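Chemist: Coordinates in protein_39.csv, CSV, C-alpha atoms and all ligand atoms, are listed below.
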```csv
chain,number,residue,atom,x,y,z
W,1,MET,CA,0.0,0.0,0.0
W,2,THR,CA,1.2,3.5,-0.8
W,3,VAL,CA,1.7,5.6,2.3
W,4,ARG,CA,0.7,9.1,1.6
W,5,ARG,CA,1.6,11.8,4.1
W,6,GLY,CA,0.2,15.3,4.6
W,7,ARG,CA,-3.2,16.5,3.5
W,8,ASN,CA,-4.5,15.2,0.2
W,9,PHE,CA,-4.6,18.0,-2.3
W,10,LEU,CA,-8.1,17.3,-3.6
W,11,GLN,CA,-7.9,19.5,-6.7
W,12,SER,CA,-10.7,17.6,-8.4
W,13,PRO,CA,-13.9,19.3,-9.6
W,14,GLY,CA,-15.9,17.7,-6.8
W,15,PRO,CA,-15.9,16.6,-4.2
W,16,THR,CA,-13.6,19.3,-2.9
W,17,ASN,CA,-11.5,20.0,0.1
W,18,ILE,CA,-13.8,20.1,3.2
W,19,PRO,CA,-12.6,22.8,5.8
W,20,ASP,CA,-12.0,21.6,9.3
W,21,ARG,CA,-14.7,23.9,10.6
W,22,VAL,CA,-17.3,22.2,8.3
W,23,LEU,CA,-16.1,18.7,9.4
W,24,ASN,CA,-16.2,19.7,13.1
W,25,ALA,CA,-19.7,21.1,12.7
W,26,MET,CA,-20.9,17.6,11.9
W,27,HIS,CA,-19.3,16.0,15.0
W,28,GLN,CA,-22.3,16.0,17.2
W,29,PRO,CA,-25.1,13.6,18.1
W,30,ALA,CA,-28.3,13.6,16.0
W,31,TRP,CA,-31.0,16.0,17.0
W,32,GLU,CA,-34.7,15.1,17.5
W,33,TYR,CA,-35.6,15.5,13.9
W,34,SER,CA,-39.0,17.1,14.3
W,35,GLY,CA,-38.3,18.9,17.6
W,36,PRO,CA,-38.5,22.6,17.8
W,37,ASP,CA,-34.7,23.1,17.8
W,38,PHE,CA,-34.0,21.3,14.6
W,39,VAL,CA,-37.1,22.8,12.9
W,40,ALA,CA,-35.9,26.3,13.7
W,41,PHE,CA,-32.4,25.5,12.6
W,42,ALA,CA,-33.5,24.0,9.3
W,43,ARG,CA,-35.9,26.9,8.7
W,44,GLN,CA,-33.0,29.4,9.1
W,45,CYS,CA,-30.8,27.4,6.7
W,46,LEU,CA,-33.6,27.2,4.1
W,47,HIS,CA,-33.8,31.0,4.4
W,48,ASP,CA,-30.1,31.8,4.5
W,49,ILE,CA,-29.2,29.7,1.4
W,50,ARG,CA,-31.2,32.1,-0.8
W,51,PRO,CA,-28.7,34.9,-1.0
W,52,ILE,CA,-26.1,32.4,-2.3
W,53,PHE,CA,-28.4,32.0,-5.3
W,54,ARG,CA,-29.1,35.7,-5.2
W,55,THR,CA,-32.8,35.0,-5.1
W,56,GLU,CA,-35.9,35.7,-3.0
W,57,ALA,CA,-37.4,32.5,-4.3
W,58,GLU,CA,-37.7,29.3,-2.3
W,59,VAL,CA,-34.7,26.9,-2.3
W,60,PHE,CA,-35.5,23.2,-1.8
W,61,ILE,CA,-32.8,21.0,-0.1
W,62,TYR,CA,-32.7,17.3,-1.0
W,63,ALA,CA,-30.7,14.5,0.6
W,64,ALA,CA,-29.3,13.8,-2.9
W,65,ASN,CA,-26.3,14.6,-5.1
W,66,GLY,CA,-26.5,16.9,-8.1
W,67,HIS,CA,-28.1,14.2,-10.2
W,68,GLY,CA,-31.0,14.0,-7.7
W,69,ALA,CA,-31.4,17.8,-7.9
W,70,TRP,CA,-31.4,17.5,-11.7
W,71,GLU,CA,-34.2,15.1,-11.6
W,72,ALA,CA,-36.1,17.3,-9.1
W,73,ALA,CA,-35.8,20.3,-11.4
W,74,LEU,CA,-37.2,18.3,-14.3
W,75,ALA,CA,-39.9,16.3,-12.4
W,76,ASN,CA,-41.4,19.5,-10.9
W,77,THR,CA,-41.8,21.5,-14.1
W,78,LEU,CA,-42.1,19.3,-17.2
W,79,SER,CA,-44.4,16.6,-18.4
W,80,PRO,CA,-43.7,13.4,-20.5
W,81,GLY,CA,-43.7,14.4,-24.1
W,82,ASP,CA,-42.5,18.0,-23.5
W,83,ARG,CA,-39.7,19.2,-25.7
W,84,VAL,CA,-36.7,21.1,-24.3
W,85,LEU,CA,-33.8,22.8,-26.0
W,86,VAL,CA,-30.3,21.8,-24.7
W,87,PRO,CA,-27.4,23.9,-25.8
W,88,GLU,CA,-24.5,21.4,-25.7
W,89,THR,CA,-21.7,22.6,-23.4
W,90,GLY,CA,-19.9,19.3,-22.7
W,91,LEU,CA,-20.6,16.1,-20.9
W,92,PHE,CA,-22.8,17.5,-18.3
W,93,SER,CA,-25.4,18.8,-20.8
W,94,PHE,CA,-25.6,15.3,-22.2
W,95,ALA,CA,-25.9,13.7,-18.7
W,96,TRP,CA,-28.7,16.1,-17.6
W,97,SER,CA,-30.6,15.6,-20.9
W,98,ALA,CA,-30.2,11.8,-20.8
W,99,MET,CA,-32.0,12.0,-17.5
W,100,ALA,CA,-34.7,14.1,-19.1
W,101,GLU,CA,-35.0,11.6,-21.9
W,102,ALA,CA,-35.5,8.8,-19.4
W,103,LEU,CA,-38.4,10.8,-18.0
W,104,GLY,CA,-40.0,10.9,-21.4
W,105,ILE,CA,-38.9,14.4,-22.3
W,106,VAL,CA,-37.9,15.1,-25.9
W,107,ILE,CA,-34.5,16.7,-26.4
W,108,ASP,CA,-33.3,19.0,-29.2
W,109,TYR,CA,-29.6,19.8,-29.0
W,110,LEU,CA,-27.7,22.8,-30.2
W,111,GLU,CA,-24.3,21.4,-31.0
W,112,SER,CA,-21.0,22.8,-29.9
W,113,ASP,CA,-17.3,21.9,-30.3
W,114,TRP,CA,-16.8,21.8,-26.5
W,115,ARG,CA,-14.3,24.7,-26.8
W,116,HIS,CA,-16.8,27.6,-26.7
W,117,GLY,CA,-19.6,28.6,-24.4
W,118,ILE,CA,-23.3,28.7,-25.5
W,119,ASP,CA,-24.0,30.9,-28.5
W,120,PRO,CA,-27.0,33.0,-27.6
W,121,ASN,CA,-27.7,33.8,-31.2
W,122,GLN,CA,-28.3,30.1,-32.0
W,123,VAL,CA,-30.6,29.9,-29.0
W,124,GLU,CA,-32.6,32.8,-30.2
W,125,GLU,CA,-32.8,31.5,-33.7
W,126,ARG,CA,-34.0,28.1,-32.6
W,127,LEU,CA,-36.6,29.7,-30.3
W,128,ARG,CA,-37.8,32.1,-33.0
W,129,ALA,CA,-38.4,29.2,-35.3
W,130,ASP,CA,-40.6,27.6,-32.7
W,131,SER,CA,-43.6,29.8,-33.1
W,132,ALA,CA,-45.9,27.1,-31.8
W,133,GLY,CA,-44.0,27.4,-28.4
W,134,SER,CA,-43.3,23.7,-28.3
W,135,TYR,CA,-40.1,24.1,-26.2
W,136,LYS,CA,-41.1,24.1,-22.6
W,137,ALA,CA,-37.6,24.8,-21.3
W,138,VAL,CA,-34.0,25.6,-22.1
W,139,LEU,CA,-31.6,23.5,-20.0
W,140,MET,CA,-28.2,25.0,-19.7
W,141,ILE,CA,-25.0,24.2,-17.7
W,142,HIS,CA,-23.4,27.4,-16.3
W,143,THR,CA,-20.0,25.9,-15.8
W,144,ASP,CA,-19.5,22.6,-17.6
W,145,THR,CA,-16.9,20.8,-15.5
W,146,ALA,CA,-15.8,18.6,-18.4
W,147,THR,CA,-14.8,21.5,-20.6
W,148,GLY,CA,-13.9,24.2,-18.1
W,149,ILE,CA,-16.2,26.6,-19.8
W,150,THR,CA,-18.6,29.0,-18.2
W,151,SER,CA,-21.5,30.2,-20.4
W,152,ASP,CA,-23.2,33.6,-20.3
W,153,ILE,CA,-26.6,33.0,-18.6
W,154,GLN,CA,-27.7,36.6,-19.0
W,155,ALA,CA,-27.1,36.4,-22.8
W,156,VAL,CA,-29.2,33.2,-23.0
W,157,ARG,CA,-31.9,35.0,-21.0
W,158,ARG,CA,-31.8,37.9,-23.4
W,159,ALA,CA,-32.0,35.5,-26.3
W,160,ILE,CA,-35.1,33.8,-24.9
W,161,ASP,CA,-36.7,37.3,-24.4
W,162,ALA,CA,-35.7,38.5,-27.8
W,163,ALA,CA,-37.4,35.5,-29.4
W,164,GLY,CA,-40.5,36.3,-27.3
W,165,HIS,CA,-40.5,32.7,-26.1
W,166,ASP,CA,-42.1,31.4,-23.0
W,167,ALA,CA,-39.7,28.5,-22.3
W,168,LEU,CA,-38.4,28.2,-18.7
W,169,LEU,CA,-34.7,28.9,-18.2
W,170,MET,CA,-33.3,26.1,-16.1
W,171,VAL,CA,-29.6,26.3,-15.1
W,172,ASP,CA,-27.2,23.9,-13.6
W,173,VAL,CA,-25.0,26.0,-11.3
W,174,ILE,CA,-23.5,23.0,-9.5
W,175,ALA,CA,-19.9,23.9,-10.4
W,176,SER,CA,-20.3,27.7,-10.3
W,177,LEU,CA,-22.4,28.6,-7.3
W,178,ALA,CA,-20.4,30.6,-4.7
W,179,CYS,CA,-17.4,30.7,-7.1
W,180,THR,CA,-18.7,32.7,-10.1
W,181,ASP,CA,-21.2,35.5,-10.2
W,182,PHE,CA,-24.7,34.1,-10.5
W,183,ARG,CA,-27.9,36.1,-10.0
W,184,MET,CA,-31.0,34.0,-10.2
W,185,ASP,CA,-33.5,36.8,-9.9
W,186,ASP,CA,-31.7,39.6,-11.8
W,187,TRP,CA,-31.0,37.2,-14.7
W,188,GLY,CA,-34.5,35.8,-14.9
W,189,VAL,CA,-33.5,32.2,-14.1
W,190,ASP,CA,-36.5,30.0,-13.4
W,191,VAL,CA,-34.9,27.0,-11.9
W,192,ALA,CA,-31.3,26.8,-10.6
W,193,VAL,CA,-29.8,23.5,-9.6
W,194,GLY,CA,-26.9,23.2,-7.1
W,195,GLY,CA,-25.0,20.6,-5.1
W,196,SER,CA,-23.1,20.7,-1.8
W,197,GLN,CA,-19.7,19.2,-2.7
W,198,LYS,CA,-18.2,21.7,-5.1
W,199,ASP,CA,-17.7,25.4,-4.3
W,200,LEU,CA,-20.0,25.0,-1.2
W,201,MET,CA,-17.2,23.1,0.6
W,202,CYS,CA,-19.5,20.5,2.1
W,203,PRO,CA,-19.6,16.7,1.8
W,204,PRO,CA,-21.4,15.2,-1.1
W,205,GLY,CA,-25.1,14.5,-0.4
W,206,LEU,CA,-27.1,17.7,-0.6
W,207,GLY,CA,-28.8,18.8,-3.8
W,208,PHE,CA,-30.6,22.2,-4.2
W,209,THR,CA,-33.2,23.5,-6.5
W,210,ALA,CA,-34.3,27.1,-6.4
W,211,ALA,CA,-37.6,27.7,-8.1
W,212,SER,CA,-39.0,31.0,-9.5
W,213,GLU,CA,-42.7,31.7,-9.2
W,214,LYS,CA,-43.1,31.0,-12.9
W,215,ALA,CA,-41.5,27.6,-12.5
W,216,ARG,CA,-43.8,26.8,-9.6
W,217,ARG,CA,-46.8,27.9,-11.6
W,218,VAL,CA,-45.8,25.9,-14.7
W,219,GLY,CA,-45.2,22.9,-12.4
W,220,GLU,CA,-48.7,22.9,-11.1
W,221,THR,CA,-50.0,21.6,-14.5
W,222,SER,CA,-47.1,19.2,-15.0
W,223,THR,CA,-48.1,15.6,-15.3
W,224,MET,CA,-44.8,14.1,-14.4
W,225,PRO,CA,-45.3,11.5,-11.7
W,226,ARG,CA,-43.4,12.6,-8.6
W,227,ASN,CA,-43.5,12.4,-4.9
W,228,TYR,CA,-40.1,12.5,-3.2
W,229,TRP,CA,-39.0,15.4,-5.4
W,230,ASP,CA,-42.3,17.3,-5.2
W,231,TRP,CA,-41.8,21.0,-4.3
W,232,SER,CA,-45.3,21.6,-3.0
W,233,GLY,CA,-44.9,19.0,-0.3
W,234,ARG,CA,-41.6,20.5,0.8
W,235,THR,CA,-42.3,24.1,0.9
W,236,VAL,CA,-41.4,25.9,4.2
W,237,SER,CA,-44.9,27.1,4.4
W,238,GLN,CA,-45.8,23.6,5.5
W,239,PRO,CA,-46.0,23.7,9.3
W,240,GLU,CA,-44.5,20.2,9.8
W,241,GLY,CA,-40.7,20.7,9.4
W,242,TYR,CA,-40.1,17.0,8.6
W,243,ARG,CA,-42.0,17.5,5.3
W,244,TRP,CA,-39.4,20.0,4.1
W,245,PHE,CA,-37.1,17.0,3.6
W,246,CYS,CA,-39.8,14.4,2.9
W,247,GLY,CA,-38.8,12.5,5.9
W,248,THR,CA,-35.8,12.5,8.3
W,249,ALA,CA,-33.6,15.5,7.4
W,250,PRO,CA,-30.0,14.8,6.5
W,251,GLU,CA,-29.1,16.6,9.7
W,252,HIS,CA,-25.3,16.4,9.7
W,253,LEU,CA,-25.2,17.6,6.1
W,254,ILE,CA,-27.3,20.5,7.2
W,255,PHE,CA,-24.9,21.2,10.1
W,256,ALA,CA,-22.1,21.2,7.5
W,257,LEU,CA,-24.0,23.5,5.2
W,258,ARG,CA,-24.7,26.0,8.0
W,259,GLU,CA,-21.0,26.2,8.8
W,260,ALA,CA,-20.1,26.6,5.2
W,261,MET,CA,-22.7,29.3,4.7
W,262,ASP,CA,-21.3,31.1,7.7
W,263,MET,CA,-17.8,30.9,6.3
W,264,LEU,CA,-19.0,32.3,2.9
W,265,ASP,CA,-20.8,35.0,4.8
W,266,GLU,CA,-17.6,36.0,6.7
W,267,GLU,CA,-15.6,36.1,3.4
W,268,GLY,CA,-18.4,37.7,1.4
W,269,LEU,CA,-19.5,36.3,-2.0
W,270,GLU,CA,-17.7,39.0,-3.9
W,271,ALA,CA,-14.4,38.2,-2.1
W,272,ALA,CA,-14.9,34.5,-2.8
W,273,PHE,CA,-15.4,35.2,-6.5
W,274,ALA,CA,-12.2,37.3,-6.5
W,275,ARG,CA,-10.3,34.6,-4.7
W,276,HIS,CA,-11.4,32.0,-7.3
W,277,ARG,CA,-10.5,34.4,-10.1
W,278,ARG,CA,-7.0,34.8,-8.7
W,279,LEU,CA,-6.5,31.1,-8.4
W,280,ALA,CA,-7.9,30.4,-11.8
W,281,ASP,CA,-5.7,33.1,-13.4
W,282,CYS,CA,-2.7,31.7,-11.6
W,283,THR,CA,-3.5,28.2,-13.0
W,284,ARG,CA,-4.0,29.5,-16.5
W,285,ALA,CA,-0.7,31.5,-16.4
W,286,ALA,CA,1.1,28.2,-15.6
W,287,VAL,CA,-0.7,26.3,-18.4
W,288,GLU,CA,0.0,29.0,-20.9
W,289,ALA,CA,3.7,28.8,-20.2
W,290,TRP,CA,3.6,25.0,-20.4
W,291,SER,CA,1.8,25.2,-23.7
W,292,ALA,CA,4.7,26.9,-25.4
W,293,VAL,CA,6.0,23.7,-27.1
W,294,GLY,CA,2.7,22.6,-28.5
W,295,THR,CA,2.1,19.6,-26.2
W,296,MET,CA,-0.9,21.0,-24.3
W,297,GLU,CA,-3.3,23.9,-24.3
W,298,LEU,CA,-6.2,25.3,-22.4
W,299,ASN,CA,-9.4,23.7,-23.7
W,300,ALA,CA,-11.5,26.9,-23.5
W,301,LEU,CA,-10.6,29.1,-26.5
W,302,VAL,CA,-12.3,32.3,-25.5
W,303,PRO,CA,-10.5,33.9,-22.4
W,304,ALA,CA,-13.7,35.4,-21.0
W,305,GLU,CA,-15.4,31.9,-21.0
W,306,ARG,CA,-12.6,30.2,-19.0
W,307,SER,CA,-14.1,28.9,-15.8
W,308,GLU,CA,-13.0,30.2,-12.4
W,309,SER,CA,-13.6,26.9,-10.7
W,310,ILE,CA,-12.0,24.3,-13.1
W,311,THR,CA,-9.3,24.4,-15.8
W,312,THR,CA,-9.4,21.7,-18.5
W,313,ILE,CA,-6.1,21.1,-20.2
W,314,ARG,CA,-6.0,19.3,-23.6
W,315,VAL,CA,-2.9,17.3,-24.2
W,316,ALA,CA,-1.4,16.3,-27.6
W,317,GLU,CA,-1.5,12.8,-28.9
W,318,GLY,CA,1.0,10.5,-27.3
W,319,ILE,CA,0.7,12.1,-23.9
W,320,ASP,CA,-1.1,10.0,-21.3
W,321,PRO,CA,-3.0,12.1,-18.8
W,322,ILE,CA,-4.0,9.1,-16.7
W,323,ALA,CA,-0.3,8.4,-16.1
W,324,LEU,CA,0.1,12.0,-15.0
W,325,GLN,CA,-2.9,11.7,-12.7
W,326,THR,CA,-1.5,8.4,-11.2
W,327,VAL,CA,2.0,9.8,-10.6
W,328,LEU,CA,0.5,12.9,-8.9
W,329,ARG,CA,-1.7,10.7,-6.7
W,330,ASP,CA,0.9,8.1,-5.8
W,331,ARG,CA,4.0,10.3,-5.4
W,332,PHE,CA,2.6,13.7,-4.2
W,333,ASN,CA,-0.9,12.9,-2.7
W,334,VAL,CA,-2.4,15.4,-5.2
W,335,SER,CA,-5.7,14.5,-6.9
W,336,LEU,CA,-6.5,15.9,-10.3
W,337,GLY,CA,-9.6,15.5,-12.5
W,338,PHE,CA,-9.4,13.2,-15.5
W,339,GLY,CA,-10.9,13.9,-19.0
W,340,LEU,CA,-14.6,13.3,-19.5
W,341,GLY,CA,-16.7,12.3,-22.6
W,342,GLN,CA,-14.9,13.2,-25.8
W,343,LEU,CA,-12.0,14.6,-23.8
W,344,GLN,CA,-11.4,11.3,-22.0
W,345,GLY,CA,-7.8,10.3,-22.4
W,346,LYS,CA,-7.1,13.7,-24.1
W,347,SER,CA,-7.2,16.0,-21.2
W,348,PHE,CA,-6.7,16.5,-17.5
W,349,ARG,CA,-8.4,19.0,-15.2
W,350,ILE,CA,-7.2,21.1,-12.3
W,351,GLY,CA,-9.9,22.0,-9.8
W,352,HIS,CA,-9.6,25.4,-8.0
W,353,MET,CA,-13.0,25.5,-6.4
W,354,GLY,CA,-14.2,25.7,-2.9
W,355,ASP,CA,-11.9,26.0,0.1
W,356,VAL,CA,-8.6,26.6,-1.8
W,357,ASN,CA,-5.9,29.1,-1.2
W,358,GLU,CA,-2.7,30.3,-2.9
W,359,PRO,CA,-0.2,27.8,-1.5
W,360,MET,CA,-2.6,24.9,-2.3
W,361,ILE,CA,-2.7,26.0,-6.0
W,362,LEU,CA,1.0,26.7,-6.2
W,363,GLY,CA,1.7,23.3,-4.6
W,364,THR,CA,-0.6,21.7,-7.1
W,365,LEU,CA,0.9,23.4,-10.1
W,366,ALA,CA,4.5,22.6,-9.0
W,367,SER,CA,3.5,19.0,-8.5
W,368,VAL,CA,2.0,18.9,-12.0
W,369,GLU,CA,5.2,20.3,-13.4
W,370,ALA,CA,7.3,17.8,-11.5
W,371,GLY,CA,4.9,15.1,-12.9
W,372,PHE,CA,5.7,16.3,-16.4
W,373,ARG,CA,9.4,15.9,-15.7
W,374,ILE,CA,9.0,12.4,-14.1
W,375,LEU,CA,7.1,11.2,-17.1
W,376,GLY,CA,9.2,13.0,-19.7
W,377,ILE,CA,6.3,15.1,-21.0
W,378,PRO,CA,7.7,18.0,-23.0
W,379,HIS,CA,6.4,21.3,-21.7
W,380,GLY,CA,7.3,25.0,-21.9
W,381,GLU,CA,9.5,26.4,-19.2
W,382,GLY,CA,8.6,29.0,-16.6
W,383,GLY,CA,5.1,27.8,-15.6
W,384,MET,CA,5.8,28.3,-11.9
W,385,ALA,CA,7.3,31.7,-12.4
W,386,ALA,CA,4.3,32.7,-14.4
W,387,ALA,CA,1.9,31.4,-11.7
W,388,VAL,CA,3.7,33.3,-8.9
W,389,ALA,CA,3.8,36.5,-11.0
W,390,SER,CA,0.1,36.2,-11.7
W,391,LEU,CA,-0.8,35.8,-8.0
W,392,ALA,CA,1.5,38.5,-6.9
W,393,ALA,CA,0.1,41.0,-9.5
W,394,ALA,CA,-3.4,40.1,-8.5
W,395,HIS,CA,-2.7,40.8,-4.8
W,396,LYS,CA,-0.7,44.0,-5.6
W,397,ASN,CA,-3.7,45.3,-7.5
W,398,ALA,CA,-6.3,44.2,-4.9
Y,401,LIG,C1,-20.5,17.6,-10.4
Y,401,LIG,C2,-21.5,18.1,-11.4
Y,401,LIG,C3,-22.7,17.5,-11.6
Y,401,LIG,C4,-23.1,16.2,-10.9
Y,401,LIG,O1,-23.2,16.3,-9.6
Y,401,LIG,P1,-23.3,14.9,-8.7
Y,401,LIG,O2,-23.3,15.4,-7.3
Y,401,LIG,O3,-22.1,14.1,-9.0
Y,401,LIG,O4,-24.5,14.2,-9.1
Y,401,LIG,C5,-23.6,18.1,-12.4
Y,401,LIG,N1,-23.3,19.2,-13.1
Y,401,LIG,C6,-22.1,19.8,-13.0
Y,401,LIG,C7,-21.8,21.0,-13.7
Y,401,LIG,C8,-21.2,19.2,-12.1
Y,401,LIG,O5,-19.9,19.8,-12.0
```
Could you express the structure from this file as structure tokens?
Modeler:
Amino acid sequence: MTVRRGRNFLQSPGPTNIPDRVLNAMHQPAWEYSGPDFVAFARQCLHDIRPIFRTEAEVFIYAANGHGAWEAALANTLSPGDRVLVPETGLFSFAWSAMAEALGIVIDYLESDWRHGIDPNQVEERLRADSAGSYKAVLMIHTDTATGITSDIQAVRRAIDAAGHDALLMVDVIASLACTDFRMDDWGVDVAVGGSQKDLMCPPGLGFTAASEKARRVGETSTMPRNYWDWSGRTVSQPEGYRWFCGTAPEHLIFALREAMDMLDEEGLEAAFARHRRLADCTRAAVEAWSAVGTMELNALVPAERSESITTIRVAEGIDPIALQTVLRDRFNVSLGFGLGQLQGKSFRIGHMGDVNEPMILGTLASVEAGFRILGIPHGEGGMAAAVASLAAAHKNA
């Protein structure tokens, strides 16, 4: 067995590093689940999570991972036979729509090359052509963790409005919430889907759906069979607190969430966004330097679309990203993300989301560079110097 010392550098795009404060918050006995203490505690959490989505709308918390929250979003709004438009962003747009298909929903894709964000003009064009209003929703991924690309939600909203279309805008913010600016109400998002184990610094196991009034209204006529996911049964206006979770609450995960929300509150969302931007810029500076000899490059071609939470690096033929991942795990106790979908075997990913600071990123990048050397992977020089310079400049200007 390989002995690994020190903290694991969990630089994967979920789950992410869990802060000690969050871990410690869970170290307590269970509470009486329908007693007044837990009910008051849960009510406050259901309320306090709203500003993270920048919404006044109700947020539903499920004992589920992101996939569960995906299903909840679909099951509460759509009906079997409904059509939805899915702008392809990477593997996660396919995974969410595959789930929709399994529920009897008909999918139309807008294709992409996995190197660009969603083209709002294409969305507008497709919706304009749908004068019968057959599309019930547009499903989009804010940050697709496979490609490392963040799409412009506001631009998609404007496209839907410009087309005069009534489709719901449903957005997966699992990999962007609390890391990248997201404004559910200002941007007219109808359903936002989140998860606990990415930028929210919690263990896996909680899924969130925030639902606009329009989404709730549309959902009232949906014929999708549902029970566990049903929003109306879970609303906080229900007096019995155990209904908010459709049974026993995942109490310890809620304790974790409470602590993580307090930490985010202390830092401030804007400061958290700025920290993620610094760490992402630093990572990209290193990758740009490594890319000088043509053996690798950033997947995202448009700088403004490069994600602040995850960087996907394409490697040239003949370079084995799995070998790199294995060396980093075994020798340095550093965990990277591997390539997904059409980027499998052709990319690796460096997560910089959640509870991450400068030395963690510098340590990760230096370990990656050492990994290149161990494996004889040709790369441009000066990656670490570029990373350090990027961080220093960001702090000097802060
Ligand atoms: C991680 C992730 C998911 C899936 O979340 P699970 O908790 O693994 O079900 C969905 N969408 C995006 C963008 C993700 O990054």
Chemist: From the options W:Ala394, W:Ala192, W:Ile160, W:Val368, which residue's atoms come nearest to ligand LIG 401 (chain Y), counting only C-alpha atoms and all ligand atoms?
Modeler: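 Looking only at the distances to ligand LIG 401 (chain Y), the closest residue turns out to be W:Ala192.
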Chemist: Please provide as a PyMOL selection string all residues within 6 Å of range 135-142 of chain W, with the sequence filter that same-chain residues fewer than 6 positions apart are discarded (counting all atoms listed in the file).
Modeler: chain W and resi 83-86+150-151+167-173
Chemist: Please report, as a Markdown table, each residue of chain W lying at most 9 Å from ligand LIG 401 (chain Y), together with the nearest pair of atoms and the separation in Å rounded to one decimal; use all atoms listed in the file, and order rows by chain and ascending residue number.
Modeler:
```
| residue | atom | partner | partner_atom | distance |
| --- | --- | --- | --- | --- |
| W:Pro13 | CA | Y:LIG401 | O5 | 6.5 |
| W:Gly14 | CA | Y:LIG401 | C1 | 5.8 |
| W:Pro15 | CA | Y:LIG401 | C1 | 7.8 |
| W:Ala64 | CA | Y:LIG401 | O2 | 7.6 |
| W:Asn65 | CA | Y:LIG401 | O2 | 3.8 |
| W:Gly66 | CA | Y:LIG401 | O4 | 3.5 |
| W:His67 | CA | Y:LIG401 | O4 | 3.8 |
| W:Gly68 | CA | Y:LIG401 | O4 | 6.7 |
| W:Ala69 | CA | Y:LIG401 | O4 | 7.9 |
| W:Trp70 | CA | Y:LIG401 | C5 | 7.9 |
| W:Leu91 | CA | Y:LIG401 | C7 | 8.8 |
| W:Phe92 | CA | Y:LIG401 | N1 | 5.5 |
| W:Ser93 | CA | Y:LIG401 | N1 | 8.0 |
| W:Ala95 | CA | Y:LIG401 | C5 | 8.0 |
| W:Trp96 | CA | Y:LIG401 | C5 | 7.6 |
| W:Ile141 | CA | Y:LIG401 | C7 | 6.0 |
| W:His142 | CA | Y:LIG401 | C7 | 7.1 |
| W:Thr143 | CA | Y:LIG401 | C7 | 5.6 |
| W:Asp144 | CA | Y:LIG401 | C7 | 4.8 |
| W:Thr145 | CA | Y:LIG401 | O5 | 4.7 |
| W:Ala146 | CA | Y:LIG401 | O5 | 7.7 |
| W:Asp172 | CA | Y:LIG401 | N1 | 6.1 |
| W:Val173 | CA | Y:LIG401 | C7 | 6.4 |
| W:Ile174 | CA | Y:LIG401 | C6 | 4.9 |
| W:Ala175 | CA | Y:LIG401 | O5 | 4.4 |
| W:Ser176 | CA | Y:LIG401 | C7 | 7.7 |
| W:Val193 | CA | Y:LIG401 | N1 | 8.5 |
| W:Gly194 | CA | Y:LIG401 | N1 | 8.1 |
| W:Gly195 | CA | Y:LIG401 | O2 | 5.9 |
| W:Ser196 | CA | Y:LIG401 | O2 | 7.6 |
| W:Gln197 | CA | Y:LIG401 | O2 | 7.0 |
| W:Lys198 | CA | Y:LIG401 | C1 | 7.1 |
| W:Pro204 | CA | Y:LIG401 | O2 | 6.5 |
| W:Gly205 | CA | Y:LIG401 | O2 | 7.2 |
| W:Leu206 | CA | Y:LIG401 | O2 | 8.0 |
| W:Gly207 | CA | Y:LIG401 | O2 | 7.4 |
```
Chemist: Could you name the residues that touch Arg43 in chain W at 12 Å or less, counting only C-alpha atoms, but leaving out those on the same chain fewer than 5 positions away, as a ChimeraX atom specification?
Modeler: /W:34,36-38,48-50,58-61,234-245,249,254,258
Chemist: Emit the selected residues as a compact mmCIF listing (two decimals), in the frame of the given file, including C-alpha atoms.
Modeler:
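Wrote it out as selection36.txt, contents follow:
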```
# COMPACT_ATOMS: atom_id res chain seq x y z
CA SER W 34 -39.00 17.10 14.30
CA PRO W 36 -38.50 22.60 17.80
CA ASP W 37 -34.70 23.10 17.80
CA PHE W 38 -34.00 21.30 14.60
CA ASP W 48 -30.10 31.80 4.50
CA ILE W 49 -29.20 29.70 1.40
CA ARG W 50 -31.20 32.10 -0.80
CA GLU W 58 -37.70 29.30 -2.30
CA VAL W 59 -34.70 26.90 -2.30
CA PHE W 60 -35.50 23.20 -1.80
CA ILE W 61 -32.80 21.00 -0.10
CA ARG W 234 -41.60 20.50 0.80
CA THR W 235 -42.30 24.10 0.90
CA VAL W 236 -41.40 25.90 4.20
CA SER W 237 -44.90 27.10 4.40
CA GLN W 238 -45.80 23.60 5.50
CA PRO W 239 -46.00 23.70 9.30
CA GLU W 240 -44.50 20.20 9.80
CA GLY W 241 -40.70 20.70 9.40
CA TYR W 242 -40.10 17.00 8.60
CA ARG W 243 -42.00 17.50 5.30
CA TRP W 244 -39.40 20.00 4.10
CA PHE W 245 -37.10 17.00 3.60
CA ALA W 249 -33.60 15.50 7.40
CA ILE W 254 -27.30 20.50 7.20
CA ARG W 258 -24.70 26.00 8.00
```
Chemist: Measuring between only C-alpha atoms, which one of W:Ala256, W:Ile153, W:Ile350, W:Met296 shows the shortest distance to Asp181 in chain W?
Modeler: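 So, comparing all the options, the nearest one is W:Ile153.
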Chemist: So the first atom is CA of Ile310 in chain W and the second is CA of Leu200 in chain W; what is the distance between them in Å, to one decimal place?
Modeler: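 Computed distance, CA of Ile310 in chain W to CA of Leu200 in chain W, equals 14.4 Å.
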Chemist: Show which residues sit within 9 Å of Val327 in chain W, as a list in words. Count all atoms listed in the file, and ignore same-chain residues fewer than 6 positions away.
Modeler: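 Listing them by chain and then by number gives Asn333, Val334, Gly371, Ile374 and Leu375 of chain W.
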